[in-house]
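These notes are about the structure you will find just below.
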Amino acid sequence: MEHLEEVIRVLEEVKPGVDYRREDNLFAGHILASLEIMMLVSELNDEFGITVTLPYIKPENFRSAQTICDMVETILKEE
Amino acid sequence: MQYNSWLYLLAFLGVTVLCYYLAPLRLRWTVLLGASAVFYWISCGWLLCVLPLTALGVYLLALRMERVKESGRAAAAALPREERRLLRERTQRQTGRLLALTAAGAFGVLFFTKYFNFAAVNLNALLAALRVPARIPGLHLLMPLGISFYTLSAVSYAADVAHGVCPAQRNYGKLLAFLLFFPVITEGPVSRYGQLAPQISRGNRFDCRTFAFGVQLILWGLFQKVVLADRLDRYVGNIFDHYRSYSGIVTALTAVLYTFQIYMDFSGCVDIARGSAELFGIHLAENFRRPFFANSVNDFWRRWHITLGAWLRDYIFYPLSMSRGFQRLSRWSRKYLGAYYAAAVPALFALLAVWLGNGIWHGAAWKYIVYGLYYYAITALGMLLEPVFLRLLPALGLSREQRGYRIFQILRTFVLVNVGMVIFRADSLPAAAFMLRSVFRPYRGGSLAGVLAAQGLPLGQAAIAAAGAAVVFAVSLLRERGVCLREAVARRPIPVRWAVYFAALLAVLIAGAYGPGFGSVDFIYAQF
């Protein structure tokens, strides 16, 4: 939860014009296309100093800003 | 056994439904496994043995992957942080090797049965060009039914186990019931273990609403296949077979009619498959979402053969894009080209593999490879020019939200898709090139109506096809606007509901392409 604002800022850099506080269909709704997912992963890696690996690339992790934040925090804990 | 045959619809499906709901709940998956084996046996005899054997390999290797992961997890718990990281990396390498072995085995069978002769012919041509006297002999190979769809499901299951998306199945029979599930084995949709296998394994109680929805889908699928796709088959086949005799409007219309035919054929088959599964309370993934409302080629592939596109995205595009080499390329691109191209440049390389995979998956011929590369070229160009478009459109006073611009995008996508379909359907690449060029040459061999009538689509048949197309368009438009027709029909009183069902059945029986002038038409995608 503590990183939610940073995640939203990263999301707005990758794809502006989306209400990331409300939107909970980012992946399945194709709001974030494959290319934008890759841009997001690259930005998250830089922003948080983590490595998002392949097993984390699944629809449920990219549903909303909150699920992305949960994923980041899980990786931070693991690393 | 064809999904639109009486043998399948009345005898096979009827008996299987009866046995399924009479069996105890916990054994219902065995009915589906038995039915799948019978379906496969009737369809291709002794080739039934091939898939269970390869599935055994997938089953054992997936179990091994899970054991490696479990022992890694157990050992990591007591280790300090740095050693835990090293152990995690070692475990990932081990599961990666096992996954590579599983994929090599599954794709090896697919390659041998589907692509061996194609590879041999091309290698022999290369050897001849190099004046090397050696030749690879061609083999008379029988391709097991549905091997392409089976392989994708088997590899995705192994990858999901390796990545911890789903646990390994400990019951070989249940894994086989998923891999051989008869509604999807011929033409998909490409199934994911996590989505489909639990529905098969748990056994489902009879649910009148789901059953009725299943019947609806089967009828709708039959309408698409028997009334529309099969009606166009003879005309489309005649023109493509004698493409040199035609040009202009005739060739252009034939391309459009083939696009419509393959859409109705494939979508019809998938709807029959999804409806069949719903008779057992099983929901399959959607494979089409009004593809001709797509506003770009990318959007088209998110709506057409959705499960194949998703498979290629999840098991080729992401793994390649996330690999170390591609990540290094991404960092380099970010440094010299900016944030957009940091993602776009590695994606361009990963997409080449995706589109080559898409093309060659469809068949062992150069035209399929070119078909994939055609879409790659469009996608890559769009991706590279996206920043230019983003600046250019406002400068020209245009917006992607404008209705007129959106219609232009839909029409442009439709034209591009039709060009792709000509490459896909033509006998060879030179034939496709000839047809595409001939569109710009006026046809002077008589009236269009005359050609249609002479080649298998007289006025009456064309009128039925046009009326059917109008129905499909209206249904698609409603669904695009969020209206769920299945729900709308289900909410009606019983007499209205049954009237709709009987009308659909009558439409299939009366307007179906049977009798003189029509032959039995195989499902187009079954050959892939």
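Labels used: A, B, ... for chains in the order of the structure tokens, numbers from 1 for residues in each chain, and numbers from 1 for ligands as shown.
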
Which neighbours of Tyr150 (chain B) fall inside 10 Å, counting only C-alpha atoms, when residues of the same chain fewer than 4 positions from it are skipped, and could you give them as a PyMOL selection string?
chain B and resi 51+55+106+110+144-146+154-156+178-181+184-188+190-191

Writer output for current selection, N, CA and C atoms, as a short mmCIF file (atom, residue, chain, number, x, y, z; two decimals), in the first residue's frame:
```
data_model
loop_
_atom_site.label_atom_id
_atom_site.label_comp_id
_atom_site.auth_asym_id
_atom_site.auth_seq_id
_atom_site.Cartn_x
_atom_site.Cartn_y
_atom_site.Cartn_z
N LEU B 51 -1.31 -39.04 -29.01
CA LEU B 51 -1.44 -37.96 -28.03
C LEU B 51 -1.32 -38.43 -26.58
N ALA B 55 1.36 -37.00 -24.06
CA ALA B 55 0.80 -36.39 -22.83
C ALA B 55 1.44 -37.01 -21.58
N ALA B 106 7.03 -31.81 -27.16
CA ALA B 106 5.69 -31.54 -27.72
C ALA B 106 5.81 -30.93 -29.12
N LEU B 110 4.93 -32.25 -33.16
CA LEU B 110 4.22 -31.39 -34.10
C LEU B 110 5.07 -31.15 -35.36
N PRO B 144 -1.82 -36.39 -36.57
CA PRO B 144 -2.91 -36.64 -35.62
C PRO B 144 -3.86 -35.44 -35.58
N LEU B 145 -5.16 -35.73 -35.50
CA LEU B 145 -6.18 -34.69 -35.46
C LEU B 145 -5.90 -33.71 -34.32
N GLY B 146 -5.96 -32.43 -34.63
CA GLY B 146 -5.87 -31.41 -33.58
C GLY B 146 -4.51 -31.28 -32.93
N ALA B 154 -0.72 -28.26 -24.28
CA ALA B 154 0.23 -29.04 -23.49
C ALA B 154 1.40 -28.16 -23.04
N VAL B 155 1.93 -27.34 -23.96
CA VAL B 155 3.08 -26.49 -23.62
C VAL B 155 2.66 -25.41 -22.62
N SER B 156 1.46 -24.86 -22.80
CA SER B 156 1.03 -23.81 -21.85
C SER B 156 0.84 -24.41 -20.46
N PHE B 178 -8.28 -33.14 -19.94
CA PHE B 178 -8.13 -31.73 -20.34
C PHE B 178 -7.52 -31.62 -21.74
N LEU B 179 -6.46 -32.38 -21.98
CA LEU B 179 -5.74 -32.23 -23.25
C LEU B 179 -6.52 -32.75 -24.46
N LEU B 180 -7.34 -33.78 -24.21
CA LEU B 180 -8.08 -34.40 -25.34
C LEU B 180 -9.54 -33.95 -25.41
N PHE B 181 -9.93 -33.00 -24.58
CA PHE B 181 -11.35 -32.62 -24.46
C PHE B 181 -11.97 -32.43 -25.85
N VAL B 184 -12.81 -29.13 -28.04
CA VAL B 184 -11.76 -28.18 -28.45
C VAL B 184 -10.63 -28.80 -29.26
N ILE B 185 -10.61 -30.13 -29.36
CA ILE B 185 -9.44 -30.77 -29.96
C ILE B 185 -9.29 -30.45 -31.46
N THR B 186 -10.40 -30.23 -32.16
CA THR B 186 -10.30 -30.02 -33.61
C THR B 186 -9.92 -28.59 -33.99
N GLU B 187 -10.60 -27.61 -33.42
CA GLU B 187 -10.36 -26.22 -33.86
C GLU B 187 -10.23 -25.25 -32.69
N GLY B 188 -9.99 -25.76 -31.51
CA GLY B 188 -9.86 -24.89 -30.36
C GLY B 188 -11.24 -24.49 -29.83
N VAL B 190 -7.96 -22.51 -28.07
CA VAL B 190 -6.78 -23.01 -27.38
C VAL B 190 -7.05 -22.86 -25.88
N SER B 191 -6.98 -23.99 -25.17
CA SER B 191 -7.41 -23.96 -23.77
C SER B 191 -6.24 -23.85 -22.82
#
```

Sorted by chain and rising residue number, list the residues of chain A at most 6 Å from chain B (counting only C-alpha atoms), each with its closest atom pair and distance in Å to one decimal, as a Markdown table.
```
| residue | atom | partner | partner_atom | distance |
| --- | --- | --- | --- | --- |
| A:Met38 | CA | B:Ala343 | CA | 6.0 |
| A:Met39 | CA | B:Ala343 | CA | 5.1 |
| A:Pro55 | CA | B:His163 | CA | 4.9 |
```

I need the chosen residues saved as a CSV table (one decimal), in the first residue's frame, with N, CA, C and O atoms.
```csv
chain,number,residue,atom,x,y,z
A,38,MET,N,5.1,-3.9,-21.2
A,38,MET,CA,6.6,-4.0,-21.2
A,38,MET,C,7.2,-2.7,-20.7
A,38,MET,O,8.2,-2.7,-20.0
A,39,MET,N,6.6,-1.6,-21.2
A,39,MET,CA,7.2,-0.3,-20.8
A,39,MET,C,7.0,-0.1,-19.2
A,39,MET,O,7.9,0.3,-18.5
A,55,PRO,N,7.3,-15.0,-14.2
A,55,PRO,CA,6.1,-15.6,-13.5
A,55,PRO,C,5.2,-14.5,-13.0
A,55,PRO,O,4.0,-14.8,-12.7
```

For Leu4 (chain A), list every protein, DNA or RNA residue within 9 Å, evaluated using only C-alpha atoms, and leave out those in the same chain fewer than 3 positions away; present the list as a VMD selection string.
chain A and resid 1 7 to 9 65 to 66 68 to 70

File dump, residues just selected, all heavy atoms, as a tab-separated table (two decimals), in the first residue's frame:
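As written to disk, again26.tsv reads:
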```tsv
chain	number	residue	atom	x	y	z
A	1	MET	N	0.83	-1.21	0.00
A	1	MET	CA	0.00	0.00	0.00
A	1	MET	C	0.86	1.26	0.00
A	1	MET	O	0.50	2.25	-0.61
A	1	MET	CB	-0.92	0.01	1.24
A	1	MET	CG	-2.12	-0.90	1.12
A	1	MET	SD	-3.23	-0.34	-0.15
A	1	MET	CE	-4.34	0.68	0.81
A	7	VAL	N	3.39	3.93	-7.82
A	7	VAL	CA	2.93	3.07	-8.92
A	7	VAL	C	2.00	3.86	-9.85
A	7	VAL	O	2.13	3.80	-11.08
A	7	VAL	CB	2.22	1.80	-8.37
A	7	VAL	CG1	1.47	1.07	-9.47
A	7	VAL	CG2	3.23	0.87	-7.72
A	8	ILE	N	1.10	4.65	-9.26
A	8	ILE	CA	0.17	5.43	-10.08
A	8	ILE	C	0.94	6.46	-10.92
A	8	ILE	O	0.64	6.67	-12.11
A	8	ILE	CB	-0.90	6.11	-9.19
A	8	ILE	CG1	-1.86	5.04	-8.65
A	8	ILE	CG2	-1.68	7.17	-9.97
A	8	ILE	CD1	-2.88	5.52	-7.66
A	9	ARG	N	1.97	7.06	-10.32
A	9	ARG	CA	2.77	8.03	-11.07
A	9	ARG	C	3.46	7.35	-12.27
A	9	ARG	O	3.47	7.87	-13.38
A	9	ARG	CB	3.82	8.66	-10.14
A	9	ARG	CG	4.54	9.84	-10.77
A	9	ARG	CD	5.40	10.56	-9.75
A	9	ARG	NE	6.24	9.67	-8.96
A	9	ARG	CZ	7.33	9.05	-9.42
A	9	ARG	NH1	7.69	9.21	-10.66
A	9	ARG	NH2	8.03	8.26	-8.62
A	65	ALA	N	-4.03	-0.54	-10.41
A	65	ALA	CA	-2.85	0.04	-9.76
A	65	ALA	C	-2.56	-0.69	-8.45
A	65	ALA	O	-1.41	-0.93	-8.09
A	65	ALA	CB	-3.08	1.52	-9.50
A	66	GLN	N	-3.64	-1.07	-7.76
A	66	GLN	CA	-3.49	-1.74	-6.47
A	66	GLN	C	-2.81	-3.11	-6.64
A	66	GLN	O	-1.89	-3.46	-5.88
A	66	GLN	CB	-4.87	-1.92	-5.83
A	66	GLN	CG	-4.83	-2.52	-4.45
A	66	GLN	CD	-3.98	-1.69	-3.48
A	66	GLN	OE1	-4.27	-0.53	-3.23
A	66	GLN	NE2	-2.89	-2.28	-2.98
A	68	ILE	N	-0.91	-4.05	-9.06
A	68	ILE	CA	0.48	-3.82	-9.50
A	68	ILE	C	1.33	-3.47	-8.27
A	68	ILE	O	2.45	-3.96	-8.09
A	68	ILE	CB	0.56	-2.70	-10.56
A	68	ILE	CG1	-0.17	-3.14	-11.83
A	68	ILE	CG2	2.01	-2.36	-10.89
A	68	ILE	CD1	-0.42	-2.04	-12.83
A	69	CYS	N	0.75	-2.63	-7.40
A	69	CYS	CA	1.45	-2.24	-6.17
A	69	CYS	C	1.71	-3.48	-5.30
A	69	CYS	O	2.81	-3.65	-4.75
A	69	CYS	CB	0.61	-1.21	-5.43
A	69	CYS	SG	1.35	-0.65	-3.92
A	70	ASP	N	0.69	-4.35	-5.19
A	70	ASP	CA	0.86	-5.59	-4.39
A	70	ASP	C	2.00	-6.42	-4.96
A	70	ASP	O	2.81	-6.98	-4.21
A	70	ASP	CB	-0.44	-6.43	-4.41
A	70	ASP	CG	-1.56	-5.74	-3.65
A	70	ASP	OD1	-1.25	-4.81	-2.88
A	70	ASP	OD2	-2.73	-6.12	-3.86
```

Within 7 Å of Gly203 (chain B), counting only C-alpha atoms, which residues show up once you throw out same-chain ones fewer than 3 positions away? Write them as an NGL selection string, please.
:B and (25-26 or 28-29 or 199-200)

To test your reading of the structure, identify every residue in region 1-228 of chain B that backbone DSSP assigns to helix (DSSP H, G or I), and report it as a ChimeraX atom specification.
/B:6-22,25-76,81-129,147-162,172-179,182-185,193-202,208-228

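CA of Ala212 (chain B) sits 17.2 Å away from CA of Leu506 (chain B).
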
Shell of 10 Å around Ala255 (chain B), only C-alpha atoms, local chain residues under 6 positions omitted, as a PyMOL selection string
chain B and resi 236+239-240+249+261+415+417-423+425-426+435-436+439

Written selection (C-alpha atoms) as a PDB file, in the first residue's frame:
```
ATOM      1  CA  VAL B 236     -15.014 -19.030 -53.486  1.00  0.00           C
ATOM      2  CA  ILE B 239     -12.693 -18.395 -58.313  1.00  0.00           C
ATOM      3  CA  PHE B 240      -9.549 -19.169 -56.296  1.00  0.00           C
ATOM      4  CA  ILE B 249     -14.668  -6.419 -58.889  1.00  0.00           C
ATOM      5  CA  GLN B 261     -16.586 -17.580 -45.236  1.00  0.00           C
ATOM      6  CA  VAL B 415      -8.979  -3.895 -46.378  1.00  0.00           C
ATOM      7  CA  VAL B 417      -7.296  -8.108 -43.355  1.00  0.00           C
ATOM      8  CA  ASN B 418      -8.735  -8.990 -46.768  1.00  0.00           C
ATOM      9  CA  VAL B 419      -5.301  -8.682 -48.352  1.00  0.00           C
ATOM     10  CA  GLY B 420      -4.004 -11.066 -45.669  1.00  0.00           C
ATOM     11  CA  MET B 421      -6.820 -13.500 -46.384  1.00  0.00           C
ATOM     12  CA  VAL B 422      -5.914 -13.630 -50.084  1.00  0.00           C
ATOM     13  CA  ILE B 423      -2.347 -14.623 -49.127  1.00  0.00           C
ATOM     14  CA  ARG B 425      -6.243 -18.783 -49.149  1.00  0.00           C
ATOM     15  CA  ALA B 426      -4.427 -18.602 -52.490  1.00  0.00           C
ATOM     16  CA  MET B 435      -4.882 -11.920 -57.493  1.00  0.00           C
ATOM     17  CA  LEU B 436      -3.919  -8.818 -55.533  1.00  0.00           C
ATOM     18  CA  VAL B 439      -7.993  -6.337 -58.375  1.00  0.00           C
TER      19      VAL B 439
END
```

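Picture a line from CA of Arg209 (chain B) to CA of Asn4 (chain B); it runs 22.8 Å.
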